[in-house]
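Trainee: So here's upload11.cif (mmCIF, C-alpha atoms).
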```cif
data_coords
#
loop_
_atom_site.label_atom_id
_atom_site.label_comp_id
_atom_site.auth_asym_id
_atom_site.auth_seq_id
_atom_site.Cartn_x
_atom_site.Cartn_y
_atom_site.Cartn_z
CA LYS X 256 102.69 90.98 86.76
CA ASN X 257 99.18 92.27 86.14
CA LYS X 258 99.34 94.83 88.94
CA LYS X 259 98.91 98.43 87.88
CA LYS X 260 102.24 100.23 87.85
CA LYS X 261 102.51 102.97 90.45
CA LYS X 262 103.48 106.46 89.36
CA TYR X 263 105.76 107.08 92.32
CA THR X 264 109.04 105.42 93.23
CA ILE X 265 109.19 102.36 95.49
CA MET X 266 112.40 101.60 97.37
CA ILE X 267 112.67 97.95 98.37
CA GLU X 268 115.89 97.64 100.39
CA ILE X 269 116.84 99.85 103.32
CA LYS X 270 120.42 99.32 104.53
CA ASN X 271 122.56 101.70 106.58
CA SER X 272 126.00 101.98 104.98
CA GLY X 273 127.32 103.96 107.93
CA ASN X 274 126.48 107.22 109.67
CA LYS X 275 127.35 110.42 107.83
CA ASP X 276 126.34 114.06 108.18
CA THR X 277 124.05 115.48 105.52
CA ARG X 278 126.12 118.67 105.25
CA SER X 279 128.94 116.53 103.87
CA GLY X 280 126.48 115.24 101.30
CA PHE X 281 125.93 118.84 100.23
CA GLY X 282 129.67 119.44 99.93
CA ALA X 283 130.13 116.34 97.80
CA GLY X 284 127.12 117.18 95.63
CA LEU X 285 128.26 120.75 95.08
CA LEU X 286 131.68 119.56 93.91
CA GLU X 287 130.13 117.07 91.47
CA ALA X 288 127.70 119.68 90.15
CA ALA X 289 130.58 122.10 89.59
CA ARG X 290 132.55 119.48 87.67
CA LYS X 291 129.58 118.97 85.35
CA ASN X 292 128.70 122.64 84.85
CA ASP X 293 131.15 125.53 84.90
CA LYS X 294 128.27 127.93 85.65
CA VAL X 295 127.97 126.59 89.20
CA VAL X 296 129.52 128.91 91.77
CA GLY X 297 129.61 128.88 95.56
CA LEU X 298 129.14 131.67 98.08
CA CYS X 299 129.60 131.27 101.82
CA ALA X 300 129.10 133.51 104.85
CA ASP X 301 132.33 132.73 106.73
CA LEU X 302 131.39 129.08 107.38
CA THR X 303 133.30 127.26 104.64
CA GLY X 304 134.43 124.38 106.84
CA SER X 305 131.07 123.95 108.55
CA LEU X 306 129.30 123.83 105.17
CA LYS X 307 131.87 121.33 103.82
CA MET X 308 132.80 123.62 100.92
CA ASN X 309 136.58 123.40 101.27
CA GLU X 310 137.03 120.86 98.48
CA PHE X 311 134.97 123.01 96.14
CA LYS X 312 136.99 126.09 97.12
CA ASP X 313 140.30 124.29 96.60
CA GLU X 314 139.36 122.82 93.21
CA TYR X 315 137.60 125.95 91.91
CA PRO X 316 139.07 128.98 93.73
CA ASP X 317 137.87 131.34 91.00
CA ARG X 318 134.30 130.12 91.46
CA PHE X 319 134.21 130.46 95.24
CA PHE X 320 133.19 133.75 96.88
CA GLN X 321 133.64 134.41 100.59
CA ALA X 322 130.90 136.85 101.61
CA GLY X 323 131.92 137.11 105.24
CA ILE X 324 129.39 137.60 108.02
CA ALA X 325 127.09 139.52 105.71
CA GLU X 326 124.33 137.09 104.79
CA ALA X 327 121.92 139.67 103.40
CA ASN X 328 124.60 140.97 101.06
CA MET X 329 125.41 137.40 100.03
CA MET X 330 121.81 136.80 98.93
CA GLY X 331 121.79 140.00 96.90
CA VAL X 332 125.10 139.13 95.26
CA ALA X 333 123.81 135.64 94.45
CA ALA X 334 120.69 137.08 92.84
CA GLY X 335 122.82 139.39 90.72
CA MET X 336 125.04 136.54 89.58
CA THR X 337 122.09 134.76 87.99
CA ILE X 338 121.57 137.65 85.58
CA GLY X 339 124.88 136.72 83.98
CA GLY X 340 123.86 133.07 83.73
CA LEU X 341 125.67 131.73 86.78
CA ILE X 342 124.13 129.17 89.14
CA PRO X 343 124.99 130.37 92.66
CA PHE X 344 124.78 128.23 95.79
CA ALA X 345 124.52 130.65 98.72
CA ALA X 346 125.44 128.68 101.84
CA THR X 347 125.25 129.34 105.56
CA PHE X 348 123.49 128.08 108.70
CA ALA X 349 119.74 127.66 108.27
CA ASN X 350 118.80 130.33 110.81
CA PHE X 351 120.99 132.86 109.02
CA ALA X 352 119.84 131.64 105.60
CA THR X 353 116.18 132.38 106.36
CA GLY X 354 115.31 134.48 109.40
CA ARG X 355 118.17 136.94 109.06
CA VAL X 356 117.74 137.52 105.32
CA TYR X 357 114.05 136.95 104.63
CA ASP X 358 113.55 140.34 103.02
CA GLN X 359 116.40 139.82 100.56
CA ILE X 360 115.16 136.32 99.70
CA ARG X 361 111.59 137.52 99.22
CA GLN X 362 112.40 140.55 97.08
CA SER X 363 115.61 139.72 95.23
CA ILE X 364 115.25 135.95 94.80
CA ALA X 365 111.66 134.67 95.09
CA TYR X 366 109.75 137.67 93.70
CA SER X 367 112.32 138.09 90.95
CA ASP X 368 112.34 134.31 90.33
CA LYS X 369 116.13 134.16 90.31
CA ASN X 370 118.03 130.89 89.89
CA VAL X 371 119.61 130.98 93.36
CA LYS X 372 120.14 127.82 95.41
CA ILE X 373 119.99 128.57 99.15
CA ALA X 374 121.98 125.90 100.96
CA ALA X 375 120.99 125.83 104.63
CA SER X 376 122.92 123.69 107.10
CA HIS X 377 122.62 123.08 110.86
CA ALA X 378 118.80 123.13 110.79
CA GLY X 379 116.52 121.95 113.57
CA LEU X 380 117.11 120.68 117.09
CA THR X 381 119.95 118.38 116.01
CA LEU X 382 122.22 121.41 115.82
CA GLY X 383 122.52 120.58 119.52
CA GLU X 384 124.66 122.56 121.91
CA ASP X 385 124.43 125.90 120.05
CA GLY X 386 120.93 126.24 121.47
CA ALA X 387 117.66 127.94 120.59
CA THR X 388 119.13 131.00 118.86
CA HIS X 389 120.59 128.74 116.15
CA GLN X 390 118.05 125.89 116.13
CA ILE X 391 115.66 127.26 113.57
CA LEU X 392 112.44 125.27 113.44
CA GLU X 393 110.34 127.55 111.26
CA ASP X 394 112.49 127.68 108.11
CA LEU X 395 110.46 125.26 105.99
CA GLY X 396 107.35 127.30 106.66
CA LEU X 397 109.07 130.58 105.84
CA MET X 398 110.40 129.23 102.57
CA LYS X 399 107.41 127.24 101.34
CA MET X 400 105.15 130.30 101.62
CA LEU X 401 107.21 132.16 99.02
CA PRO X 402 105.93 131.86 95.44
CA HIS X 403 108.43 130.30 92.99
CA MET X 404 110.45 128.70 95.83
CA THR X 405 111.15 124.95 95.75
CA VAL X 406 111.78 123.49 99.22
CA ILE X 407 113.81 120.31 99.73
CA ASN X 408 114.67 118.47 102.96
CA PRO X 409 116.66 115.26 102.25
CA CYS X 410 117.10 112.50 104.82
CA ASP X 411 120.72 111.29 104.59
CA TYR X 412 124.14 111.86 103.02
CA ASN X 413 123.43 110.10 99.74
CA GLN X 414 120.10 111.82 99.23
CA THR X 415 121.54 115.24 100.08
CA LYS X 416 124.36 114.74 97.57
CA ALA X 417 121.87 113.69 94.89
CA ALA X 418 119.52 116.56 95.74
CA THR X 419 122.32 119.11 95.47
CA MET X 420 123.23 117.85 92.01
CA ALA X 421 119.57 117.84 90.96
CA VAL X 422 118.82 121.42 92.03
CA ALA X 423 121.87 122.63 90.11
CA GLU X 424 120.16 121.38 86.95
CA MET X 425 116.73 122.89 87.58
CA GLU X 426 115.78 126.48 86.86
CA GLY X 427 114.43 128.60 89.71
CA PRO X 428 115.05 129.40 93.37
CA VAL X 429 115.54 126.50 95.77
CA TYR X 430 115.79 126.15 99.54
CA LEU X 431 117.88 123.07 100.37
CA ARG X 432 117.87 122.11 104.06
CA PHE X 433 120.37 119.76 105.73
CA GLY X 434 122.02 119.19 109.08
CA ARG X 435 125.06 118.85 111.29
CA PRO X 436 124.92 115.42 113.03
CA LYS X 437 126.01 112.11 111.59
CA VAL X 438 122.90 110.08 110.82
CA PRO X 439 122.23 106.70 109.16
CA ASN X 440 122.99 106.71 105.43
CA PHE X 441 120.53 104.29 103.88
CA THR X 442 119.32 105.59 100.51
CA PRO X 443 121.07 104.28 97.36
CA GLU X 444 124.42 105.81 96.47
CA ASP X 445 123.52 105.80 92.78
CA GLN X 446 120.02 107.24 93.18
CA VAL X 447 118.51 109.70 90.75
CA PHE X 448 116.88 112.47 92.77
CA GLU X 449 113.50 113.48 91.36
CA ILE X 450 112.39 116.86 92.66
CA GLY X 451 108.76 116.72 93.76
CA LYS X 452 108.50 112.91 93.76
CA ALA X 453 107.83 111.05 97.01
CA LEU X 454 109.61 107.79 97.84
CA VAL X 455 107.63 104.86 99.21
CA LEU X 456 110.00 103.08 101.59
CA HIS X 457 107.51 100.53 102.90
CA GLU X 458 104.00 99.57 101.85
CA GLY X 459 101.21 99.14 104.40
CA VAL X 460 97.45 99.24 104.79
CA ASP X 461 96.63 100.53 108.29
CA VAL X 462 98.22 103.99 108.39
CA THR X 463 100.51 106.16 106.28
CA ILE X 464 103.57 107.81 107.80
CA PHE X 465 104.84 110.85 105.92
CA ALA X 466 108.38 111.65 107.09
CA THR X 467 111.01 114.17 106.04
CA GLY X 468 114.67 114.87 106.82
CA HIS X 469 116.25 113.30 109.88
CA MET X 470 112.88 111.90 110.94
CA VAL X 471 112.78 109.41 108.08
CA HIS X 472 115.08 106.97 109.86
CA GLU X 473 113.10 107.29 113.07
CA ALA X 474 110.02 106.45 111.03
CA ILE X 475 111.74 103.32 109.69
CA ILE X 476 112.32 102.19 113.28
CA ALA X 477 108.68 102.92 114.06
CA VAL X 478 107.45 100.87 111.09
CA ASN X 479 109.48 97.86 112.20
CA GLU X 480 108.14 98.09 115.74
CA LEU X 481 104.57 98.46 114.54
CA GLU X 482 104.97 95.35 112.38
CA LYS X 483 105.74 93.39 115.56
CA GLU X 484 102.29 94.46 116.83
CA ASN X 485 100.63 93.42 113.58
CA ILE X 486 100.13 97.04 112.52
CA SER X 487 100.88 97.61 108.84
CA ALA X 488 102.28 101.10 108.25
CA GLU X 489 103.08 102.61 104.89
CA LEU X 490 106.13 104.87 104.99
CA ILE X 491 106.70 107.68 102.51
CA ASN X 492 109.79 109.87 102.42
CA ILE X 493 108.70 113.39 101.49
CA HIS X 494 112.05 114.93 100.60
CA THR X 495 110.40 117.73 98.59
CA ILE X 496 108.16 119.83 100.80
CA LYS X 497 107.23 122.07 97.88
CA PRO X 498 106.02 121.16 95.34
CA LEU X 499 104.34 118.41 97.33
CA ASP X 500 103.72 115.09 95.60
CA VAL X 501 99.95 115.29 96.00
CA GLU X 502 99.37 112.25 93.83
CA ALA X 503 101.49 110.02 96.07
CA VAL X 504 99.91 111.45 99.24
CA LEU X 505 96.37 110.80 98.07
CA ALA X 506 97.15 107.38 96.59
CA SER X 507 98.42 106.24 99.97
CA VAL X 508 95.73 107.69 102.23
CA ASN X 509 93.00 106.45 99.90
CA LYS X 510 94.28 103.01 100.84
CA THR X 511 95.17 103.38 104.53
CA LYS X 512 92.51 105.95 105.57
CA ALA X 513 94.80 107.35 108.31
CA ALA X 514 97.90 109.56 108.30
CA VAL X 515 100.81 110.61 110.51
CA THR X 516 103.43 113.25 109.68
CA CYS X 517 106.81 113.60 111.36
CA GLU X 518 109.40 116.33 110.98
CA GLU X 519 112.18 118.16 112.81
CA HIS X 520 110.27 121.42 112.53
CA PHE X 521 107.44 123.32 114.15
CA LEU X 522 104.01 121.78 113.67
CA ASN X 523 102.97 125.19 112.38
CA GLY X 524 104.09 125.74 108.81
CA GLY X 525 105.83 122.46 108.12
CA LEU X 526 105.20 119.21 106.27
CA GLY X 527 102.24 118.33 108.49
CA GLU X 528 100.46 121.53 107.57
CA SER X 529 101.01 120.84 103.85
CA ILE X 530 99.68 117.28 104.16
CA ALA X 531 96.69 118.51 106.18
CA GLN X 532 95.80 121.07 103.50
CA THR X 533 95.97 118.37 100.85
CA LEU X 534 93.77 115.96 102.80
CA ILE X 535 91.13 118.48 103.83
CA ARG X 536 90.68 119.47 100.18
CA ASN X 537 90.58 115.94 98.82
CA ASN X 538 90.08 113.16 101.36
CA PRO X 539 89.81 114.14 105.05
CA VAL X 540 91.06 111.24 107.16
CA PRO X 541 92.20 110.99 110.80
CA MET X 542 95.65 112.55 111.00
CA GLU X 543 98.26 113.05 113.72
CA MET X 544 101.41 115.18 113.60
CA VAL X 545 104.82 114.64 115.22
CA GLY X 546 106.96 117.78 115.48
CA VAL X 547 107.89 120.62 117.81
CA ASP X 548 104.76 122.18 119.25
CA ASP X 549 105.14 125.97 119.40
CA THR X 550 108.23 126.19 121.59
CA PHE X 551 111.86 127.13 121.04
CA GLY X 552 114.63 124.59 121.49
CA GLU X 553 117.51 124.65 123.96
CA SER X 554 121.13 123.64 124.31
CA GLY X 555 121.84 119.94 124.62
CA LYS X 556 123.05 116.83 122.84
CA PRO X 557 121.06 116.15 119.64
CA GLU X 558 119.80 112.75 120.75
CA GLU X 559 118.69 114.10 124.13
CA LEU X 560 116.84 117.00 122.52
CA MET X 561 115.09 114.72 120.05
CA GLU X 562 113.96 112.56 122.97
CA LYS X 563 112.78 115.51 125.10
CA TYR X 564 110.80 117.11 122.26
CA GLY X 565 109.26 113.85 121.13
CA LEU X 566 111.01 113.60 117.77
CA ASN X 567 111.58 109.86 117.82
CA ALA X 568 110.19 106.47 116.88
CA LYS X 569 108.24 106.21 120.14
CA SER X 570 106.23 109.35 119.37
CA ILE X 571 105.59 108.18 115.81
CA ILE X 572 104.29 104.83 117.07
CA GLU X 573 101.95 106.54 119.53
CA ALA X 574 100.69 108.88 116.81
CA CYS X 575 100.04 105.96 114.46
CA LYS X 576 98.03 104.09 117.07
CA LYS X 577 96.01 107.19 117.84
CA ALA X 578 95.26 107.82 114.16
CA ILE X 579 94.21 104.19 113.67
CA GLN X 580 91.94 104.34 116.71
CA ARG X 581 90.30 107.51 115.41
CA LYS X 582 89.79 105.82 112.05
CA GLN X 583 88.16 102.83 113.69
CA ASN X 584 85.94 105.07 115.80
CA SER X 585 84.84 107.01 112.71
CA LEU X 586 83.88 103.74 111.05
CA GLY X 587 81.89 102.69 114.10
CA LEU X 588 84.15 99.74 114.87
CA ASP X 589 84.19 98.54 118.47
CA VAL X 590 87.93 97.96 118.69
CA LYS X 591 90.03 98.38 121.81
CA SER X 592 92.64 101.12 121.47
CA PRO X 593 96.14 99.81 120.76
CA CYS X 594 97.61 102.70 122.75
#
```
Here is a file; write its structure as structure tokens.
Mentor:
Amino acid sequence: KNKKKKKYTIMIEIKNSGNKDTRSGFGAGLLEAARKNDKVVGLCADLTGSLKMNEFKDEYPDRFFQAGIAEANMMGVAAGMTIGGLIPFAATFANFATGRVYDQIRQSIAYSDKNVKIAASHAGLTLGEDGATHQILEDLGLMKMLPHMTVINPCDYNQTKAATMAVAEMEGPVYLRFGRPKVPNFTPEDQVFEIGKALVLHEGVDVTIFATGHMVHEAIIAVNELEKENISAELINIHTIKPLDVEAVLASVNKTKAAVTCEEHFLNGGLGESIAQTLIRNNPVPMEMVGVDDTFGESGKPEELMEKYGLNAKSIIEACKKAIQRKQNSLGLDVKSPC
């Protein structure tokens, strides 16, 4: 009772209510946001079914705009809509929503600080069989480097739904990233999504794991396995890449003195880079990163690709042990490596 209250959220129970795709969470969140605010409109680049926007289109046909395969034009139209007070969600695949239209996003949305919500589905390796041309792994980096841009990468259906509703209520440009495969749905259905606030899923003292997106559940598996080896890992879900919850990051590493990041993204430009910048400026500790290391993806089943590229619990466990060993070495402790 006398413990000092933490300033970041702590989730106690983690239960999978069934696998769902995060893109469906976006569709459900968009519909709810539209019901609450008649300024919410949807634009799509000929991928209405894939983005799970059909229910929105059917319920609000006058607020749905089919842009066709013209993503750059869609971003410009969305920016223009904000001048009249509308809240546009411009939706397409993540590689089209960033790489193909970066100039329009930079000039018409970010530089102009327009209230556009970029909804980017089918991100990362878990897109699967469509292969490297569609498996964008640099999108978080592209978006977080833009001034004014908020960058969000939720981990499951419930969190994506809540995030979609939350960004509809905030002012300013947002990049909302989600995916295609059905993944465990374990965050609370009734959660209140706080933009920029990390979620502590499990408390520990030996190492902190910072996870985002689809990698959060893999990190949960890793934490449970590490517990069996008497390694206490703290797990933090970083759903908001920018603005980063610096307070939560530092509070955790000040305790554990070691860090691991994991993400379905390139090591360059992603969450790991943001955490590293924060630590080097405030509290340099041994840190390891789990992500895709400077290589394009390929066609394959999502689970096989995640295994091949080391985006799994096994890689997180190895990274944690390495970070702990480096910490012990820096402290001059003669401890045998757990690796």
Trainee: Please build the interface table for region 373-418 of chain X against region 316-333 of chain X with a cut-off of 12 Å, listing for each qualifying residue the nearest atom pair and the distance in Å to one decimal; count all atoms listed in the file, order rows by chain and increasing number, and write it as JSON lines.
Mentor:
```
{"residue": "X:Ile373", "atom": "CA", "partner": "X:Met330", "partner_atom": "CA", "distance": 8.4}
{"residue": "X:Ala374", "atom": "CA", "partner": "X:Met330", "partner_atom": "CA", "distance": 11.1}
{"residue": "X:Ala375", "atom": "CA", "partner": "X:Glu326", "partner_atom": "CA", "distance": 11.7}
```
Trainee: The PyMOL selection byres ((chain X and resi 281) around 9) on the file shown: which residues, as a VMD selection string?
Mentor: chain X and resid 277 to 280 282 to 286 306 to 308 374 376 412 415 to 420 433
Trainee: As a check of understanding, name the residues that the PyMOL selection byres ((chain X and resi 518) around 7) selects in the supplied structure, as an MDAnalysis selection string.
Mentor: chainID X and resid 466:468 470 516:517 519:520 526 545:546
Trainee: Distance CA of Lys483 (chain X)-CA of His469 (chain X), one decimal place?
Mentor: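 Separating CA of Lys483 (chain X) from CA of His469 (chain X) is a distance of 23.2 Å.
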Trainee: Any idea what the distance is between CA of Leu395 (chain X) and CA of Ala506 (chain X)?
Mentor: 24.2 Å
Trainee: Report the centre and edge lengths, in Å to one decimal, of an axis-aligned box enclosing every atom of region 489-495 of chain X listed in the file, padded by 8 Å on each side, as AutoDock Vina command-line options.
Mentor:
```
--center_x 107.6 --center_y 110.2 --center_z 101.8 --size_x 25.0 --size_y 31.1 --size_z 22.4
```
Trainee: The PyMOL selection byres ((chain X and resi 484) around 12) - which residues does that actually catch in the file I just gave you? List them as number ranges by chain.
Mentor: X: 461, 477-483, 485-488, 572, 575-576, 593-594
